[in-house]
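Heads up, model14.cif below (mmCIF, C-alpha atoms and all ligand atoms):
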data_entry
loop_
_atom_site.label_atom_id
_atom_site.label_comp_id
_atom_site.auth_asym_id
_atom_site.auth_seq_id
_atom_site.Cartn_x
_atom_site.Cartn_y
_atom_site.Cartn_z
CA MET X 1493 -13.73 6.27 0.38
CA LYS X 1494 -10.38 6.33 2.20
CA PHE X 1495 -8.11 3.29 2.37
CA ILE X 1496 -6.21 2.32 5.49
CA ILE X 1497 -3.82 -0.46 4.60
CA GLY X 1498 -1.79 -2.27 7.23
CA ASN X 1499 1.51 -3.82 6.18
CA TRP X 1500 2.50 -6.27 8.89
CA LYS X 1501 5.90 -6.93 7.27
CA MET X 1502 7.56 -10.00 8.92
CA TYR X 1503 5.41 -9.83 12.05
CA PRO X 1504 3.95 -11.37 14.19
CA LYS X 1505 5.88 -14.55 14.98
CA THR X 1506 2.91 -16.92 15.27
CA LEU X 1507 -0.29 -17.65 13.41
CA LYS X 1508 -2.14 -17.49 16.72
CA GLU X 1509 -1.08 -13.87 17.25
CA ALA X 1510 -1.85 -13.04 13.63
CA LYS X 1511 -5.37 -14.41 13.99
CA ALA X 1512 -5.95 -12.41 17.16
CA ILE X 1513 -4.77 -9.13 15.63
CA LEU X 1514 -6.79 -9.72 12.45
CA ALA X 1515 -9.93 -10.46 14.47
CA ALA X 1516 -9.50 -7.19 16.38
CA HIS X 1517 -9.05 -5.23 13.15
CA ARG X 1518 -12.14 -6.88 11.69
CA ARG X 1519 -14.17 -5.87 14.69
CA SER X 1520 -13.11 -2.25 14.43
CA ALA X 1521 -13.95 -2.24 10.71
CA ARG X 1522 -17.44 -3.61 11.23
CA LEU X 1523 -19.34 -0.34 11.36
CA LEU X 1524 -17.34 1.58 8.78
CA LYS X 1525 -19.12 3.28 5.92
CA ARG X 1526 -16.53 5.57 4.37
CA THR X 1527 -13.28 3.79 5.08
CA LYS X 1528 -11.83 0.51 3.84
CA VAL X 1529 -9.35 -1.43 5.94
CA VAL X 1530 -6.94 -3.82 4.23
CA ILE X 1531 -4.46 -5.99 6.13
CA CYS X 1532 -1.45 -7.27 4.21
CA ALA X 1533 -0.23 -10.26 6.19
CA PRO X 1534 2.90 -12.39 5.80
CA GLN X 1535 2.62 -14.79 2.86
CA VAL X 1536 2.82 -17.89 5.03
CA PHE X 1537 -0.23 -16.80 7.04
CA VAL X 1538 -2.57 -15.53 4.33
CA GLY X 1539 -4.08 -18.93 3.50
CA ALA X 1540 -5.07 -19.61 7.09
CA LEU X 1541 -6.26 -16.05 7.64
CA ALA X 1542 -8.34 -16.08 4.46
CA THR X 1543 -10.13 -19.29 5.45
CA GLY X 1544 -13.64 -18.46 6.55
CA LEU X 1545 -13.09 -14.70 6.19
CA ARG X 1546 -16.36 -13.28 4.97
CA LYS X 1547 -16.06 -10.67 2.21
CA THR X 1548 -17.23 -7.22 3.23
CA THR X 1549 -16.99 -3.86 1.53
CA THR X 1550 -14.99 -2.35 4.39
CA PHE X 1551 -12.44 -5.04 5.20
CA ALA X 1552 -10.10 -7.12 3.05
CA LEU X 1553 -7.01 -9.24 3.32
CA GLY X 1554 -3.94 -8.77 1.16
CA ALA X 1555 -0.40 -10.06 0.65
CA GLN X 1556 2.94 -8.26 0.71
CA ASP X 1557 4.47 -9.46 -2.54
CA VAL X 1558 3.72 -11.63 -5.56
CA PHE X 1559 5.56 -13.14 -8.52
CA TRP X 1560 4.89 -12.10 -12.13
CA GLU X 1561 3.86 -15.53 -13.49
CA ASP X 1562 0.90 -17.67 -12.53
CA GLU X 1563 2.85 -20.89 -12.11
CA GLY X 1564 6.26 -22.33 -12.87
CA ALA X 1565 9.53 -23.64 -11.48
CA ARG X 1566 10.00 -20.69 -9.11
CA THR X 1567 11.03 -22.04 -5.74
CA GLY X 1568 9.73 -20.01 -2.85
CA GLU X 1569 7.55 -17.67 -4.90
CA THR X 1570 3.80 -17.04 -4.68
CA SER X 1571 1.76 -16.38 -7.80
CA PRO X 1572 -1.12 -13.95 -8.43
CA ALA X 1573 -3.34 -16.90 -9.38
CA MET X 1574 -2.65 -18.49 -5.99
CA LEU X 1575 -3.47 -15.31 -4.07
CA ALA X 1576 -6.64 -14.77 -6.10
CA SER X 1577 -7.70 -18.37 -5.45
CA LEU X 1578 -7.68 -17.60 -1.72
CA GLY X 1579 -10.10 -14.73 -2.34
CA LEU X 1580 -7.46 -12.07 -1.66
CA GLN X 1581 -8.08 -8.68 -3.20
CA TYR X 1582 -4.89 -6.69 -2.59
CA VAL X 1583 -1.15 -7.13 -2.88
CA ILE X 1584 1.72 -4.76 -2.18
CA VAL X 1585 4.35 -4.62 -4.93
CA GLY X 1586 7.71 -2.85 -4.96
CA HIS X 1587 7.87 -2.07 -1.28
CA SER X 1588 11.17 -0.34 -0.53
CA GLU X 1589 12.19 -3.25 1.70
CA ARG X 1590 11.88 -5.58 -1.30
CA ARG X 1591 13.53 -3.12 -3.68
CA ALA X 1592 16.42 -3.00 -1.18
CA LEU X 1593 16.83 -6.76 -1.76
CA GLY X 1594 17.38 -6.12 -5.45
CA GLU X 1595 13.90 -5.90 -6.98
CA THR X 1596 13.97 -3.76 -10.14
CA ASN X 1597 11.35 -1.36 -11.53
CA LYS X 1598 10.75 -3.80 -14.40
CA GLU X 1599 10.03 -6.65 -12.00
CA VAL X 1600 7.76 -4.43 -9.92
CA SER X 1601 5.88 -3.47 -13.06
CA GLN X 1602 5.52 -7.08 -14.21
CA LYS X 1603 4.28 -8.09 -10.77
CA ALA X 1604 1.69 -5.31 -10.71
CA ALA X 1605 0.49 -6.05 -14.24
CA GLN X 1606 0.07 -9.77 -13.60
CA ALA X 1607 -1.64 -9.23 -10.24
CA MET X 1608 -4.07 -6.77 -11.82
CA LYS X 1609 -5.00 -9.35 -14.48
CA HIS X 1610 -6.37 -11.41 -11.59
CA LYS X 1611 -8.28 -8.41 -10.23
CA LEU X 1612 -5.91 -8.13 -7.32
CA THR X 1613 -5.41 -4.46 -6.51
CA ALA X 1614 -1.69 -3.76 -6.75
CA VAL X 1615 -0.47 -1.30 -4.12
CA LEU X 1616 2.61 -0.12 -6.00
CA CYS X 1617 5.18 1.58 -3.77
CA VAL X 1618 7.59 4.33 -4.74
CA GLY X 1619 9.75 6.67 -2.72
CA GLU X 1620 13.19 8.23 -2.41
CA GLN X 1621 16.01 7.26 -0.04
CA VAL X 1622 16.85 10.80 0.99
CA ARG X 1623 15.77 14.37 0.38
CA ASP X 1624 18.55 16.39 -1.20
CA ASP X 1625 18.57 20.18 -1.28
CA ALA X 1626 18.81 20.27 -5.07
CA GLY X 1627 15.48 18.42 -5.34
CA GLU X 1628 16.86 15.45 -7.27
CA TYR X 1629 14.41 13.24 -5.42
CA PHE X 1630 11.64 14.56 -7.67
CA GLY X 1631 13.30 13.18 -10.79
CA LEU X 1632 14.10 9.96 -9.01
CA VAL X 1633 10.53 9.27 -7.91
CA ARG X 1634 9.20 10.30 -11.33
CA SER X 1635 11.47 7.88 -13.18
CA GLN X 1636 10.88 5.13 -10.62
CA LEU X 1637 7.12 5.46 -11.09
CA HIS X 1638 7.39 5.81 -14.87
CA ALA X 1639 9.40 2.58 -15.11
CA SER X 1640 7.17 0.79 -12.58
CA LEU X 1641 4.08 1.57 -14.68
CA ALA X 1642 5.67 0.53 -17.98
CA GLU X 1643 4.26 -3.02 -18.13
CA ILE X 1644 0.76 -2.00 -17.03
CA PRO X 1645 -1.57 -1.61 -20.03
CA LYS X 1646 -2.76 1.97 -20.53
CA ASN X 1647 -6.40 0.89 -20.24
CA ALA X 1648 -5.93 -1.11 -17.03
CA SER X 1649 -5.88 1.30 -14.12
CA ALA X 1650 -8.89 -0.11 -12.26
CA HIS X 1651 -6.96 -2.30 -9.85
CA LEU X 1652 -4.07 -0.01 -9.01
CA MET X 1653 -3.03 2.19 -6.10
CA ILE X 1654 0.22 4.08 -5.66
CA ALA X 1655 1.79 4.30 -2.22
CA TYR X 1656 4.33 7.05 -1.71
CA GLU X 1657 6.70 5.87 0.99
CA PRO X 1658 9.82 8.00 1.45
CA ILE X 1659 12.41 5.58 2.79
CA TRP X 1660 13.84 8.17 5.18
CA ALA X 1661 10.47 8.31 6.94
CA ILE X 1662 9.90 4.55 7.33
CA GLY X 1663 10.41 2.36 10.37
CA SER X 1664 11.71 2.75 13.88
CA LYS X 1665 14.96 4.38 12.67
CA ALA X 1666 13.14 7.03 10.64
CA LEU X 1667 14.41 10.57 11.05
CA ARG X 1668 10.84 11.87 11.14
CA PRO X 1669 7.59 11.26 9.32
CA ALA X 1670 7.27 13.27 6.14
CA ALA X 1671 5.31 16.49 6.59
CA PRO X 1672 1.98 16.85 4.78
CA ALA X 1673 3.65 19.47 2.56
CA ASP X 1674 6.35 16.95 1.55
CA LEU X 1675 3.58 14.59 0.57
CA HIS X 1676 1.51 17.17 -1.24
CA GLU X 1677 4.24 18.03 -3.73
CA MET X 1678 4.65 14.31 -4.37
CA THR X 1679 0.94 13.64 -4.86
CA ILE X 1680 1.01 16.31 -7.60
CA LEU X 1681 4.01 14.69 -9.27
CA ILE X 1682 2.53 11.18 -8.97
CA ARG X 1683 -0.84 12.34 -10.28
CA ARG X 1684 0.85 13.92 -13.32
CA GLU X 1685 2.65 10.68 -14.09
CA LEU X 1686 -0.57 8.67 -13.69
CA VAL X 1687 -2.42 11.01 -16.06
CA ALA X 1688 0.44 10.76 -18.57
CA HIS X 1689 0.17 6.96 -18.50
CA PHE X 1690 -3.59 6.34 -18.18
CA GLY X 1691 -5.12 9.59 -19.44
CA LYS X 1692 -6.94 12.23 -17.44
CA THR X 1693 -10.08 10.46 -16.24
CA ALA X 1694 -8.48 7.14 -15.32
CA GLY X 1695 -5.32 8.80 -14.01
CA PHE X 1696 -7.31 10.84 -11.51
CA ARG X 1697 -9.13 7.75 -10.23
CA VAL X 1698 -6.03 5.88 -9.05
CA PRO X 1699 -5.77 6.33 -5.27
CA ILE X 1700 -2.51 7.73 -3.90
CA LEU X 1701 -1.60 6.60 -0.39
CA TYR X 1702 1.03 7.79 2.05
CA GLY X 1703 3.19 5.48 4.16
CA GLY X 1704 6.00 6.20 6.61
CA SER X 1705 5.67 6.46 10.40
CA VAL X 1706 1.95 7.19 10.31
CA ASP X 1707 0.31 7.30 13.73
CA GLU X 1708 -2.82 8.61 15.37
CA ARG X 1709 -1.41 12.12 15.72
CA ASN X 1710 -0.17 12.71 12.19
CA ALA X 1711 -2.64 10.64 10.11
CA GLU X 1712 -5.13 13.45 9.64
CA GLY X 1713 -2.62 15.88 8.10
CA PHE X 1714 -1.60 13.46 5.37
CA LEU X 1715 -5.19 13.05 4.26
CA THR X 1716 -6.19 16.71 4.39
CA LEU X 1717 -3.14 18.88 3.67
CA GLY X 1718 -1.26 16.07 1.94
CA GLU X 1719 -4.33 15.12 -0.13
CA ALA X 1720 -3.70 11.40 0.21
CA ASP X 1721 -6.52 8.97 -0.53
CA GLY X 1722 -5.34 6.65 2.18
CA LEU X 1723 -2.50 5.44 4.37
CA LEU X 1724 -0.10 2.48 4.29
CA ILE X 1725 0.83 1.75 7.87
CA GLY X 1726 3.62 -0.49 9.15
CA ARG X 1727 4.35 -0.76 12.88
CA VAL X 1728 1.07 0.66 14.13
CA SER X 1729 -0.92 -1.89 12.10
CA LEU X 1730 0.17 -4.57 14.57
CA SER X 1731 -1.50 -2.69 17.40
CA PRO X 1732 -5.29 -3.07 17.39
CA GLU X 1733 -5.59 0.01 19.65
CA GLY X 1734 -3.31 2.31 17.65
CA PHE X 1735 -4.58 1.17 14.26
CA GLY X 1736 -8.20 1.21 15.42
CA ALA X 1737 -7.77 4.79 16.60
CA ILE X 1738 -6.55 5.87 13.16
CA VAL X 1739 -9.40 4.03 11.45
CA ARG X 1740 -11.99 5.70 13.69
CA LEU X 1741 -10.47 9.12 13.14
CA VAL X 1742 -10.44 8.73 9.37
CA GLU X 1743 -14.01 7.40 9.34
CA GLN X 1744 -15.25 10.38 11.37
CA LYS X 1745 -13.52 13.06 9.36
CA HIS X 1746 -13.52 11.90 5.77
CA SER X 1747 -15.93 10.80 3.15
P1 LIG N 1801 6.10 2.33 9.36
O1 LIG N 1801 4.68 2.78 9.47
O2 LIG N 1801 6.48 1.31 10.40
O3 LIG N 1801 7.08 3.49 9.28
O4 LIG N 1801 6.23 1.54 7.98
C1 LIG N 1801 5.79 2.14 6.82
C2 LIG N 1801 5.79 1.11 5.76
O5 LIG N 1801 6.80 0.71 5.26
C3 LIG N 1801 4.47 0.55 5.36
O6 LIG N 1801 4.57 -0.19 4.20
#

Step by step, read the file and then write its structure as structure tokens.
Ligand code: 13P
Amino acid sequence: MKFIIGNWKMYPKTLKEAKAILAAHRRSARLLKRTKVVICAPQVFVGALATGLRKTTTFALGAQDVFWEDEGARTGETSPAMLASLGLQYVIVGHSERRALGETNKEVSQKAAQAMKHKLTAVLCVGEQVRDDAGEYFGLVRSQLHASLAEIPKNASAHLMIAYEPIWAIGSKALRPAAPADLHEMTILIRRELVAHFGKTAGFRVPILYGGSVDERNAEGFLTLGEADGLLIGRVSLSPEGFGAIVRLVEQKHS
């Protein structure tokens, strides 16, 4: 099973548009057998989008962030219990755009751990700002991941995915997407860290996704040469045509 996760970020502007895009994505996920589509919508829309959404094995709705407590005096926050009560199954934690606002590895780890207690799959993001010639980015991603896993119990890997998103490859100002080879060396590093934390069997089961300027032309390489278990897609996930094309491609070529 491959996972294609759309991160809508702070788009679109209206619930009406959000409903239309979600409906199109649902339609294109209807006949899937080997691919799971997850759409992570803005927090303010997830309640309305979740209403009446029938659960299927190939399509799910998720959120883009979550707090690390189930309730409390936390103005503006959304709790894992609240997301779970809507029937949501996925939540992104530690996206680089949230880390850029000051989120720490410890907070990311607490968020993931608490979400996982509610059987929400935490899509935990890591990635370096830049690639330096001396290869310091390896150590950086390793320690970022190590610290982001710290609060997650060693026997609780079932509801976890890691998304490798190099910041230099994300968004409309990206220099370029990462190359599959850039990803491959990182999947090895991430896998090692997962095995160190969860042990061999469980560590190998955690899916590793790639995110950063994925489109219809480059998606295939990340899954084959890059050995990713799925993709985390920003801009293109707002386009039913572009996203649908990636989903179809992945479904045809991968089991
Ligand atoms: P883009 O696909 O727009 O580069 O965004 C990647 C991302 O940040 C997904 O979480």

So which residues touch region 1621-1629 of chain X within 10 Å, counting all atoms listed in the file, skipping near sequence neighbours fewer than 2 positions away, as a short mmCIF file (atom, residue, chain, number, x, y, z; two decimals) with C-alpha atoms, in the frame of the given file?
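part.cif was written with the following content:
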data_model
loop_
_atom_site.label_atom_id
_atom_site.label_comp_id
_atom_site.auth_asym_id
_atom_site.auth_seq_id
_atom_site.Cartn_x
_atom_site.Cartn_y
_atom_site.Cartn_z
CA SER X 1588 11.17 -0.34 -0.53
CA GLY X 1619 9.75 6.67 -2.72
CA GLY X 1631 13.30 13.18 -10.79
CA LEU X 1632 14.10 9.96 -9.01
CA VAL X 1633 10.53 9.27 -7.91
CA ARG X 1634 9.20 10.30 -11.33
CA SER X 1635 11.47 7.88 -13.18
CA GLU X 1657 6.70 5.87 0.99
CA PRO X 1658 9.82 8.00 1.45
CA ILE X 1659 12.41 5.58 2.79
CA TRP X 1660 13.84 8.17 5.18
CA ALA X 1661 10.47 8.31 6.94
CA ILE X 1662 9.90 4.55 7.33
CA ASP X 1674 6.35 16.95 1.55
CA MET X 1678 4.65 14.31 -4.37
#

Which distance in Å separates atom P1 of ligand LIG 1801 (chain N) and CA of Leu1593 (chain X), to one decimal?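 Pair atom P1 of ligand LIG 1801 (chain N) / CA of Leu1593 (chain X) returns 17.9 Å.
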
Cut-off 8 Å, only C-alpha atoms and all ligand atoms, neighbours of ligand LIG 1801 (chain N) as a list of chain:residue names: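 If we count only C-alpha atoms and all ligand atoms, the neighbours of ligand LIG 1801 (chain N) turn out to be X:Gly1498, X:Asn1499, X:Trp1500, X:Lys1501, X:His1587, X:Ser1588, X:Glu1589, X:Glu1657, X:Ile1659, X:Ala1661, X:Ile1662, X:Gly1663, X:Ser1664, X:Ala1666, X:Pro1669, X:Gly1703, X:Gly1704, X:Ser1705, X:Val1706, X:Asp1707, X:Leu1724, X:Ile1725, X:Gly1726, X:Arg1727, X:Val1728, X:Ser1729.
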
Those residues with C-alpha atoms, as a PDB file, in the coordinates of the input please?
ATOM      1  CA  GLY X1498      -1.790  -2.270   7.230  1.00  0.00           C
ATOM      2  CA  ASN X1499       1.510  -3.820   6.180  1.00  0.00           C
ATOM      3  CA  TRP X1500       2.500  -6.270   8.890  1.00  0.00           C
ATOM      4  CA  LYS X1501       5.900  -6.930   7.270  1.00  0.00           C
ATOM      5  CA  HIS X1587       7.870  -2.070  -1.280  1.00  0.00           C
ATOM      6  CA  SER X1588      11.170  -0.340  -0.530  1.00  0.00           C
ATOM      7  CA  GLU X1589      12.190  -3.250   1.700  1.00  0.00           C
ATOM      8  CA  GLU X1657       6.700   5.870   0.990  1.00  0.00           C
ATOM      9  CA  ILE X1659      12.410   5.580   2.790  1.00  0.00           C
ATOM     10  CA  ALA X1661      10.470   8.310   6.940  1.00  0.00           C
ATOM     11  CA  ILE X1662       9.900   4.550   7.330  1.00  0.00           C
ATOM     12  CA  GLY X1663      10.410   2.360  10.370  1.00  0.00           C
ATOM     13  CA  SER X1664      11.710   2.750  13.880  1.00  0.00           C
ATOM     14  CA  ALA X1666      13.140   7.030  10.640  1.00  0.00           C
ATOM     15  CA  PRO X1669       7.590  11.260   9.320  1.00  0.00           C
ATOM     16  CA  GLY X1703       3.190   5.480   4.160  1.00  0.00           C
ATOM     17  CA  GLY X1704       6.000   6.200   6.610  1.00  0.00           C
ATOM     18  CA  SER X1705       5.670   6.460  10.400  1.00  0.00           C
ATOM     19  CA  VAL X1706       1.950   7.190  10.310  1.00  0.00           C
ATOM     20  CA  ASP X1707       0.310   7.300  13.730  1.00  0.00           C
ATOM     21  CA  LEU X1724      -0.100   2.480   4.290  1.00  0.00           C
ATOM     22  CA  ILE X1725       0.830   1.750   7.870  1.00  0.00           C
ATOM     23  CA  GLY X1726       3.620  -0.490   9.150  1.00  0.00           C
ATOM     24  CA  ARG X1727       4.350  -0.760  12.880  1.00  0.00           C
ATOM     25  CA  VAL X1728       1.070   0.660  14.130  1.00  0.00           C
ATOM     26  CA  SER X1729      -0.920  -1.890  12.100  1.00  0.00           C
TER      27      SER X1729
END

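Atom pair CA of Leu1701 (chain X) / CA of Tyr1503 (chain X): separated by 21.8 Å.
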
In terms of the shortest atom-to-atom distance over all atoms listed in the file, which of X:Leu1545, X:Val1600, X:Val1618, X:Ile1531 is closest to Ile1497 (chain X)?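 Going through X:Leu1545, X:Val1600, X:Val1618, X:Ile1531 one by one, the smallest distance to Ile1497 (chain X) is for X:Ile1531.
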
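For the atom pair formed by CA of Thr1716 (chain X) and CA of Val1615 (chain X), the distance is 20.7 Å, given to one decimal.
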
Have a look at X:Leu1681, X:Ala1670, X:Ala1614, X:Val1558 and name the one nearest to Gln1636 (chain X); count all atoms listed in the file.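 The shortest atom-to-atom distance to Gln1636 (chain X) comes from X:Leu1681.
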
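Candidate residues X:Pro1645, X:Gly1586, X:Pro1572, X:Gly1579 were compared for distance to Arg1546 (chain X), and the nearest is X:Gly1579, using only C-alpha atoms.
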
Residue among X:Ala1671, X:Val1687, X:Ala1512, X:Ala1552 lying closest to Ile1496 (chain X), counting all atoms listed in the file: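 Checking each candidate against Ile1496 (chain X), we get X:Ala1552 as the closest.
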
Selected residue, from X:Met1493, X:Met1574, X:Val1583, X:Leu1612, that lies nearest to Cys1532 (chain X) when counting only C-alpha atoms: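 Among the listed residues, X:Val1583 lies closest to Cys1532 (chain X).
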
Ala1515 (chain X): which residues within 12 Å, counting only C-alpha atoms, same-chain residues fewer than 4 positions away excluded, as a ChimeraX atom specification? /X:1508-1511,1519-1522,1531,1541-1542,1544-1546,1551-1553,1730-1732,1736

List every protein, DNA or RNA residue that has an atom no more than 12 Å from (2.4, -20.2, -11.9) in the file's coordinate frame, counting all atoms listed in the file, and report them as a ChimeraX atom specification. /X:1558-1575,1606-1607

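Close to (0.4, 16.1, -3.4), meaning no more than 9 Å away when counting only C-alpha atoms, sit the residues Pro1672, Ala1673, Asp1674, Leu1675, His1676, Glu1677, Met1678, Thr1679, Ile1680, Leu1681, Ile1682, Arg1683, Ile1700, Leu1717, Gly1718, Glu1719 and Ala1720 of chain X.
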
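Ranking X:Pro1699, X:Gly1734, X:Gly1713, X:Gly1554 by their shortest atom-to-atom distance to Phe1495 (chain X), with only C-alpha atoms included, puts X:Pro1699 first.
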
Which neighbours of Leu1741 (chain X) fall inside 10 Å, counting only C-alpha atoms, when residues of the same chain fewer than 3 positions from it are skipped, and could you give them as a ChimeraX atom specification? /X:1708-1709,1711-1712,1735-1738,1744-1746
